[in-house]
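*Asks:* Structure below; questions to follow.
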Amino acid sequence: MKKLLVSIVAMVSAMTATAQSLPIYLDESKPIEQRIDDALSRMTLDEKIRVIHAQSKFSSAGIPRLGFPDFWTDDGPHGVRPDVLWDEWEQAGQTNDSCVAFPALTCLAASFNPTMARAYGEALGEEALYRGKAMILGPGVNIYRTPLNGRNFEYMGEDPYLASRMVVPYIQGLQSKGVAACVKHYALNNDEEYRHQVNVVVSDRALHEIYLPAFKAAVTEAGTWGIMGAYNLYKGQHNCHNEIMLNRILKGDWNYDGVVVSDWGGCHDTDEAITNGLDMEFGSWTDGLTMGATNAYDNYYLAEAYKKLIREGKYTTRELDDKVRRVLRTFFRTTMNKKRPQGFLCSESHYETAERIAEEGIVLLKNDKGVLPINTAKAKRILVVGENALKMMTVGGGSSSLKVQREIIPLDGIMHRFAGTATQIDFARGYVGDTVQSYNGVTVGRSLYETRSNDVLRAEAVEKAKNADYVIMFGGLNKADFQDCEGHDRKDYALPYGQNELIEALAKANKNFIYVNISGNAVEMPWLKKVPAVVQGWFLGSQTGDALAAVLTGDANPSGKLPFTWYAKLDDCGAHALNTYPGTWREGNQIIDEEYKEGIYVGYRWTDKEKKTPTFAFGHGLSYTTFALSNLRADSKEMAADGTITFTVNVKNTGKKAGAEVVQLYIHDSEASVDRPYKELKGFKKVFLQPGENQDVSITVDKSALSFYDEATSSWKAEAGEFTALVGTASDKLANTLTFTLK
């Protein structure tokens, strides 16, 4: 026993001596800031410069002499992008970089379920770990200002509160795996056309009330480790090196301690990059080594040019050291964190997560005469129509394009669901849209080659529809240029490829016609009154077909809610009604001024103000069961200036199927010293109930829910007086109201 004790003491002494001999920066028992100080003190000027700019398309250099590995990023936010060649956008041709594609962030936002956001982040983090990525370039939280924005599908809708509540758990889930989030695109990236030249002109109030809250929540609540600057300008400076956005607001007001990463090619000037808050520069020469220099990455704005200015005495290393501190902090949180968990790729749990998010985000927009769910016992012949029933949507669309292990297309999902039954599934193309099924060398899916005209295809579909028990059309948009795609905006609000004519004809041919809109954006629906059932199907990722089939047949009860207002026509949107989109050329140079004249009146705030009736309201979404809300009460009639107030409402499932409802709380200010929207979302909660079950749902708010941004004092302000809580199941279904006061 004595010998054993002596051995243990000797072992502990040896371990202690080893720990004491470690450099401070390698000693994980030391506080992270102390480790940063130590590492920084050991770095040469060359080493400091090398870590703040790219060395390849998606990586920046580490510090080999000190044991810091290279830092690898990759595109998200819906899955881990396939690896590309070191210096080209073309895929590297690897066999181990297929991934699970998760639903687009519009679908996640439509779930109105923060628990799903957490699960999304965790699963994505595990896939990123397996692939050796230290940072995922996402999530995106730019506001849905116009339905023409080609990149809306990557974002979380029009409402700053909803986006804030959904982005926080996503980041927390991702970073719990030791993978940095890089929230994008900060900020005001609300259209894609001429995105490098658009100078946004917006009021301080609109900036802080509408466009910044989700970014602020990502920083101050979720503690994101990365922020990506946007391509556009604000007050004449590009947002990747913007004094107000980065220095004053992000790093000053919000005390952000992470890294600011440029969007690829978003850096334009060495002096501004040095002084205006950029920390890591990527993509400035997207042709990389082909530009004629020995190493084009040395020619980045934050590379040799920066080093030269320091050696010439124009700058000290004060700004550089701050940038390097932030990079080192990110290293210690990711690549140098030995406690990071194990990564997994394409696990069944990831597919299950993807499918559950998809099912919870799918929105049942319309369901007249109970056409849905499909009566599987009576459905002997089902006709599936539409190119989007065949087209894989995980490829294309820009930087979010993926290489998936599998993507179940809608037609296959329907066939899976009815396999082994007497139901016959038939298909008709109906129209030809975009037949491309490849992007950056990733080619997938069935051939969409078609020689027949749309007239012939439409006639075939209509003839088949006459003899079907149900007709399901999968239409909408796709990931082609000028649709839901990075780099371009949509040219108009209408459905492309002659789909309106096809929809009208099918609705006339079959009374059990179901239209499923696949998109990340709203579309014009001139035929809506003639179509009994409409479903918003989003871009759902790997489990697309199975998730849609589950909802259409009632295996899953839809519970998604629209994260944006679905306008009846484009001029019902403030940005278009006021002719402020897409902006005007500024004389004398190549900058476009885009003035956000609608100010704080975005989405439902605008339709309330102008008394417009949308096709579908923000927060709208139906179910296969029914719910009743009653007995709204509060724990007090007054809110103290430093207190909270809790509202409780009873929710009962009054139908015959288990399902979920989203209780939504909006606040109305009865009288204010400034113009305010009629109502604003300030709380929501999703509740799952069995038939006949009821449950009290409580939502607590504090003074921030009553506040507006006061431009006179550059601060948030809540004025004493009377407010009304509006509670319901959509922004246009708020039958439960309660008045209270703020002292």
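Simple scheme: letters A, B, ... for chains in structure tokens order, numbers from 1 for residues in each chain, numbers from 1 for ligands in the order shown.
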With only C-alpha atoms as the counted atoms, please give the residues lying no more than 9 Å from Ser284 of chain A, apart from itself and same-chain residues fewer than 4 positions off, as a list in words.
*Replies:*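 Near neighbours after the sequence-gap exclusion: Ala54, Ser262, Asp263, Trp264, Gly265, Gly266, Cys267, His268, Gly288, Tyr297, Asn299, Tyr300 and Tyr301 of chain A.
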*Asks:* Please report, as CSV, each residue of segment 162-223 of chain A lying at most 9 Å from segment 230-247 of chain A, together with the nearest pair of atoms and the separation in Å rounded to one decimal; use only C-alpha atoms, and order rows by chain and ascending residue number.
*Replies:*
```
residue,atom,partner,partner_atom,distance
A:Lys184,CA,A:Ala230,CA,7.1
A:His185,CA,A:Ala230,CA,4.5
A:Tyr186,CA,A:Ala230,CA,5.0
A:Ala187,CA,A:Ala230,CA,5.8
A:Leu188,CA,A:Asn232,CA,7.5
A:Asn189,CA,A:Ala230,CA,6.2
A:Tyr194,CA,A:Asn232,CA,8.5
A:Arg195,CA,A:Asn232,CA,5.4
A:His196,CA,A:Tyr231,CA,5.1
A:Gln197,CA,A:Asn232,CA,6.1
A:Val198,CA,A:Asn232,CA,5.2
A:Asn199,CA,A:Leu233,CA,4.3
A:Val200,CA,A:Tyr234,CA,5.2
A:Val201,CA,A:Tyr234,CA,6.9
A:Val202,CA,A:Tyr234,CA,8.5
```
*Asks:* For each of A:Trp225, A:Phe647, A:Phe708, A:Trp585, take the minimum atom-to-atom distance to Val674 of chain A, counting only C-alpha atoms, then give the residue where this is smallest.
*Replies:*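 Closest residue, counting only C-alpha atoms: A:Phe708.
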*Asks:* Looking only at the backbone, which of the residues in segment 256-409 of chain A does DSSP tag as strand (DSSP E or B), as a PDB file with N, CA and C atoms, in the first residue's frame?
*Replies:*
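File written: out.pdb
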```pdb
ATOM      1  N   VAL A 259     -13.992  37.657 -33.818  1.00  0.00           N
ATOM      2  CA  VAL A 259     -13.348  38.165 -35.030  1.00  0.00           C
ATOM      3  C   VAL A 259     -14.386  38.680 -36.016  1.00  0.00           C
ATOM      4  N   VAL A 260     -14.002  39.725 -36.736  1.00  0.00           N
ATOM      5  CA  VAL A 260     -14.779  40.199 -37.878  1.00  0.00           C
ATOM      6  C   VAL A 260     -14.104  39.659 -39.133  1.00  0.00           C
ATOM      7  N   VAL A 261     -14.842  38.886 -39.893  1.00  0.00           N
ATOM      8  CA  VAL A 261     -14.339  38.249 -41.113  1.00  0.00           C
ATOM      9  C   VAL A 261     -14.939  38.977 -42.307  1.00  0.00           C
ATOM     10  N   MET A 280     -10.048  39.607 -40.141  1.00  0.00           N
ATOM     11  CA  MET A 280      -9.561  38.545 -41.025  1.00  0.00           C
ATOM     12  C   MET A 280     -10.096  38.790 -42.431  1.00  0.00           C
ATOM     13  N   GLU A 281      -9.196  38.785 -43.412  1.00  0.00           N
ATOM     14  CA  GLU A 281      -9.552  39.104 -44.791  1.00  0.00           C
ATOM     15  C   GLU A 281      -9.536  37.844 -45.648  1.00  0.00           C
ATOM     16  N   VAL A 363     -45.466  25.003 -43.926  1.00  0.00           N
ATOM     17  CA  VAL A 363     -46.629  25.819 -43.565  1.00  0.00           C
ATOM     18  C   VAL A 363     -47.829  25.427 -44.423  1.00  0.00           C
ATOM     19  N   LEU A 364     -48.908  25.057 -43.766  1.00  0.00           N
ATOM     20  CA  LEU A 364     -50.182  24.827 -44.452  1.00  0.00           C
ATOM     21  C   LEU A 364     -50.862  26.183 -44.613  1.00  0.00           C
ATOM     22  N   LEU A 365     -50.839  26.712 -45.836  1.00  0.00           N
ATOM     23  CA  LEU A 365     -51.344  28.058 -46.084  1.00  0.00           C
ATOM     24  C   LEU A 365     -52.852  28.099 -46.267  1.00  0.00           C
ATOM     25  N   LYS A 366     -53.378  27.091 -46.952  1.00  0.00           N
ATOM     26  CA  LYS A 366     -54.816  27.060 -47.243  1.00  0.00           C
ATOM     27  C   LYS A 366     -55.276  25.613 -47.297  1.00  0.00           C
ATOM     28  N   ASN A 367     -56.496  25.355 -46.820  1.00  0.00           N
ATOM     29  CA  ASN A 367     -57.009  23.979 -46.827  1.00  0.00           C
ATOM     30  C   ASN A 367     -58.530  23.994 -46.829  1.00  0.00           C
ATOM     31  N   ARG A 381     -55.459   6.695 -57.034  1.00  0.00           N
ATOM     32  CA  ARG A 381     -54.598   7.232 -58.089  1.00  0.00           C
ATOM     33  C   ARG A 381     -54.177   8.641 -57.683  1.00  0.00           C
ATOM     34  N   ILE A 382     -52.883   8.850 -57.546  1.00  0.00           N
ATOM     35  CA  ILE A 382     -52.345  10.173 -57.230  1.00  0.00           C
ATOM     36  C   ILE A 382     -51.440  10.610 -58.370  1.00  0.00           C
ATOM     37  N   LEU A 383     -51.700  11.784 -58.885  1.00  0.00           N
ATOM     38  CA  LEU A 383     -50.858  12.348 -59.936  1.00  0.00           C
ATOM     39  C   LEU A 383     -49.953  13.414 -59.324  1.00  0.00           C
ATOM     40  N   VAL A 384     -48.659  13.244 -59.519  1.00  0.00           N
ATOM     41  CA  VAL A 384     -47.672  14.241 -59.103  1.00  0.00           C
ATOM     42  C   VAL A 384     -47.252  15.024 -60.340  1.00  0.00           C
ATOM     43  N   VAL A 385     -47.266  16.351 -60.221  1.00  0.00           N
ATOM     44  CA  VAL A 385     -46.968  17.224 -61.354  1.00  0.00           C
ATOM     45  C   VAL A 385     -45.867  18.208 -60.955  1.00  0.00           C
ATOM     46  N   VAL A 404     -24.565  16.433 -51.221  1.00  0.00           N
ATOM     47  CA  VAL A 404     -25.235  15.656 -50.183  1.00  0.00           C
ATOM     48  C   VAL A 404     -25.048  14.162 -50.394  1.00  0.00           C
TER      49      VAL A 404
END
```
*Asks:* What lies within 10 Å of segment 95-98 of chain A using only C-alpha atoms, ignoring chain neighbours under 2 positions off, as a ChimeraX atom specification?
*Replies:* /A:79-83,92-93,100-101,127,130-131,345-346,402-406
*Asks:* Which polymer residues have any atom within 7 Å of an atom of segment 557-572 of chain A, counting only C-alpha atoms, with same-chain residues fewer than 4 positions away left out, as a VMD selection string?
*Replies:* chain A and resid 109 to 112 156 to 158 359 to 364 493 522 524 551 576 to 577 603 to 604 612 614 to 624 659 to 661
*Asks:* Go ahead and compute the interatomic distance for atom CA of Asn517 of chain A and atom CA of Leu540 of chain A, in Å to one decimal.
*Replies:* 11.7 Å
*Asks:* So how far away is atom CA of Gly487 of chain A from atom CA of Thr451 of chain A, in Å?
*Replies:*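 Value for the atom CA of Thr451 of chain A-atom CA of Gly487 of chain A distance: 29.4 Å.
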*Asks:* Which residues are near Lys308 of chain A? Cut-off 12 Å, only C-alpha atoms, ignore same chain within fewer than 6 positions. Put them as a list in words.
*Replies:* Leu45, Asp46, Ile49, Thr270, Asp271, Asp298, Asn299, Tyr301, Leu302, Lys314, Tyr315, Thr316 and Thr317 of chain A
*Asks:* Would you write out, as a Markdown table, a table of all residues in segment 346-437 of chain A that have an atom no more than 7 Å from an atom of segment 476-480 of chain A, listing for each the closest atom pair and the distance in Å to one decimal, considering only C-alpha atoms and ordering rows by chain and rising residue number?
*Replies:*
```
| residue | atom | partner | partner_atom | distance |
| --- | --- | --- | --- | --- |
| A:Met393 | CA | A:Lys479 | CA | 6.7 |
| A:Gly396 | CA | A:Lys479 | CA | 5.4 |
| A:Gly397 | CA | A:Lys479 | CA | 4.4 |
| A:Asp434 | CA | A:Ala480 | CA | 6.8 |
```
